[in-house]
Structure formats: C-alpha cells, structure tokens
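J.: Before anything else, here's the structure in question.
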Amino acid sequence: MKRSDVRPDPPSDCGLIIRDAAAADMAAALAIYAHHVRYGLATFEETPPSVDEFAARRAAVLALGLPFLVAAIDGTIVGYSYAAEYRARTAYRHTIEDSVYVAVGFGGRGVGTALLAALLERCEAGPWRQMIAVIGDSGNAGSIALHKNLGFAHNGTLRSVGLKLGQWIDTVLMQRPLGAGDASIPGEGAKQM
C-alpha cells in the first residue's frame with residue numbers, strides 16, 4: 001500500500017462537520033490559533049495576528065486555489081486546517097505545506113485527523129504532488145502521530161532552530177506524496193518517471 005492510500009478511520013459520531021472556512025469563521029479560528037501562539041510551541045509565531053491579518057492569510061491561501069477548512073461541532077468551530085505554498089520559488093510549485101490547529105480541550109477526539117484527512121483529499125484533487133509538515137517542537141507527539149497515521153514519513157529534525165517561551169525548540173519535517181507523487185510529471189500526460 002502506498003502512503004497516499006492510507007485513510008483514517010472516521011471520527012466517532014460527535015456531530016463533527018468539516019467544511020470550507022467562511023470569512024465569518026476567522027475570529028473563531030484566530031482564537032484557537034492565538035492560544036497556540038501565546039502558550040504553545042507548535043507555531044514559532046510569538047504575537048497573535050489581528051483578525052484582519054488572519055483573514056488576509058486565508059485570502060492568500062484561497063487565491064492559490066488551496067483549501068482552508070474548519071471543523072465544527074454543533075456549530076462551534078473547534079479546529080481548522082489549510083494548505084499553503086511550501087516555498088515561493090517556482091520549482092516548488094507542486095509542493096505544499098499543511099497547518100492543523102485544534103481548540104484546547106478537543107485534542108484526541110479525531111478533530112485533527114478529520115481536518116488533515118479532508119485537507120489531503122482536497123489537495124490530491126489538485127496539481128500538487130508533495131505535502132510537507134513543518135512541526136514545531138519535537139516533543140509534539142500528537143501532531144507527529146497525526147501525520148504519521150495519515151501516511152507522512154519523518155524526514156528529519158532541525159535542532160534548536162526556534163527560541164520561544166524561554167526554551168530552544170526543534171522543528172520536525174515530515175512529508176507525504178499526493179496522488180501520483182513523483183511517479184510522473186504534472187501536465188505531461190502519461191510520461192512516467
């Protein structure tokens with residue numbers, strides 16, 4: 001089985017809905033992110049963005065044709081995920097990076113799995129061939145396990161590249177092929193590698 005064939009078990013029936021994020025969802029998504037910015041090591045950002053800046057980030061994602069999703073339970077936003085370009089140089093145009101954040105108190109309930117699985121499915125329908133996870137904190141067992149369970153391979157750890165909350169933080173790099181991965185060149189028909 002290829003890594004791209006790995007699919008999670010669906011989350012338990014808890015009323016969880018994964019959908020496209022709307023402009024009206026940005027304040028709730030930002031509240032989730034702001035907590036991780038202030039108190040966590042998953043992001044290296046140290047000051048939460050404004051709602052306008054966060055909305056602009058969503059707009060930039062959508063402008064690239066990439067998905068920005070939210071998870072809701074009974075109408076309450078409990079997490080979000082999106083894909084963004086991995087690097088700006090054109091040679092990276094088929095490689096994207098994922099971000100997944102879950103509200104405090106909702107970890108371990110399948111929210112992150114549902115968000116990342118939906119994100120992968122959407123991205124595999126596009127022209128992208130690789131997804132990179134840049135995970136803040138090598139001790140972030142939940143995010144590392146989430147990505148591993150959805151077919152990402154560990155590609156390395158950058159030691160002590162961030163300084164946040166008075167401590168040095170590692171970055172874990174994981175990668176997963178999307179669709180045909182590197183088995184063919186996008187846009188060149190049946191040309192196989």
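Ordering of the structure tokens sets the chain letters (A, B, ...), residue numbers begin anew at 1 in every chain, and ligands are numbered from 1 in the order given.
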Taking 3 positions as the minimum chain separation for residues in the same chain, which residues sit within 7 Å of Val70 in chain A when counting only C-alpha atoms? Answer as a VMD selection string.

T.: chain A and resid 18 to 21 77 79 to 81

J.: Next, write the just-selected residues to a file, as a tab-separated table (two decimals), in the first residue's frame, keeping C-alpha atoms as the atom set.

T.:
chain	number	residue	atom	x	y	z
A	18	ILE	CA	-15.56	19.63	8.17
A	19	ARG	CA	-16.30	22.43	5.71
A	20	ASP	CA	-14.73	25.31	3.84
A	21	ALA	CA	-13.90	28.19	6.15
A	77	ILE	CA	-15.50	25.99	15.46
A	79	GLY	CA	-10.28	23.44	14.70
A	80	TYR	CA	-9.02	24.45	11.29
A	81	SER	CA	-6.56	23.36	8.65

J.: Dump as a tab-separated table the rows for residues of range 58-120 of chain A within 12 Å of range 173-183 of chain A: closest atom pair and distance in Å with one decimal, only C-alpha atoms counted, ordered by chain and rising residue number.

T.:
residue	atom	partner	partner_atom	distance
A:Tyr86	CA	A:Gln175	CA	11.4
A:His94	CA	A:Gly181	CA	9.4
A:Thr95	CA	A:Leu178	CA	9.1
A:Ile96	CA	A:Leu178	CA	9.8
A:Glu97	CA	A:Gln175	CA	9.0
A:Asp98	CA	A:Gln175	CA	10.0
A:Leu116	CA	A:Arg176	CA	11.9
A:Ala117	CA	A:Leu178	CA	11.8
A:Leu119	CA	A:Leu178	CA	10.9
A:Leu120	CA	A:Leu178	CA	7.5

J.: In Å, rounded to a single decimal, give me how far CA of Trp128 in chain A is from CA of Arg93 in chain A.

T.: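 CA of Trp128 in chain A lies 7.5 Å from CA of Arg93 in chain A.
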
J.: What are the DSSP strand (DSSP E) residues of range 50-84 of chain A, as a compact mmCIF listing (two decimals) with C-alpha atoms, in the first residue's frame?

T.:
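Listing of result.txt after writing:
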# COMPACT_ATOMS: atom_id res chain seq x y z
CA PHE A 68 -8.81 26.46 4.14
CA LEU A 69 -11.11 24.26 6.23
CA VAL A 70 -12.78 24.42 9.63
CA ALA A 71 -14.12 21.72 11.94
CA ALA A 72 -17.36 22.46 13.73
CA ILE A 73 -19.24 20.59 16.42
CA THR A 76 -18.85 25.78 17.25
CA ILE A 77 -15.50 25.99 15.46
CA VAL A 78 -13.16 23.52 17.18
CA GLY A 79 -10.28 23.44 14.70
CA TYR A 80 -9.02 24.45 11.29
CA SER A 81 -6.56 23.36 8.65
CA TYR A 82 -5.16 24.77 5.46
CA ALA A 83 -2.51 24.21 2.86
CA ALA A 84 -0.10 26.90 1.70

J.: Quick check, in Å to one decimal: how far apart do CA of Ala125 in chain A and CA of Pro186 in chain A lie?

T.: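 These atoms are spaced 12.3 Å apart.
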
J.: Quick one: residues within 7 Å of Asp170 in chain A, only C-alpha atoms, excluding same-chain residues fewer than 2 positions away - as a PDB file with C-alpha atoms, in the first residue's frame?

T.:
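Contents of out.pdb, freshly written:
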ATOM      1  CA  GLY A 136       7.078  22.914  15.818  1.00  0.00           C
ATOM      2  CA  ASP A 137       8.571  21.089  18.798  1.00  0.00           C
ATOM      3  CA  SER A 138       9.993  17.573  18.517  1.00  0.00           C
ATOM      4  CA  THR A 157      14.655  17.220  12.708  1.00  0.00           C
ATOM      5  CA  LEU A 158      16.179  20.674  12.780  1.00  0.00           C
ATOM      6  CA  ARG A 159      17.560  21.048  16.301  1.00  0.00           C
ATOM      7  CA  SER A 160      17.103  24.201  18.361  1.00  0.00           C
ATOM      8  CA  VAL A 161      16.084  26.444  15.448  1.00  0.00           C
ATOM      9  CA  GLY A 162      13.473  28.395  17.418  1.00  0.00           C
ATOM     10  CA  TRP A 168      15.036  26.215  22.332  1.00  0.00           C
ATOM     11  CA  VAL A 172      10.288  18.150  12.755  1.00  0.00           C
TER      12      VAL A 172
END

J.: State, in Å with one decimal place, the distance from CA of Phe54 in chain A to CA of Ser99 in chain A.

T.: 13.5 Å

J.: Enumerate the residues of range 5-108 of chain A with a DSSP assignment of helix (DSSP H, G or I), computed from the backbone, and present them as a ChimeraX atom specification.

T.: /A:5,23-39,51-63,90-92

J.: Select, from A:Gly15, A:Gly112, A:Gly126, A:Gly40, the residue with the minimum atom-to-atom distance to Gly166 in chain A, counting only C-alpha atoms.

T.: A:Gly40
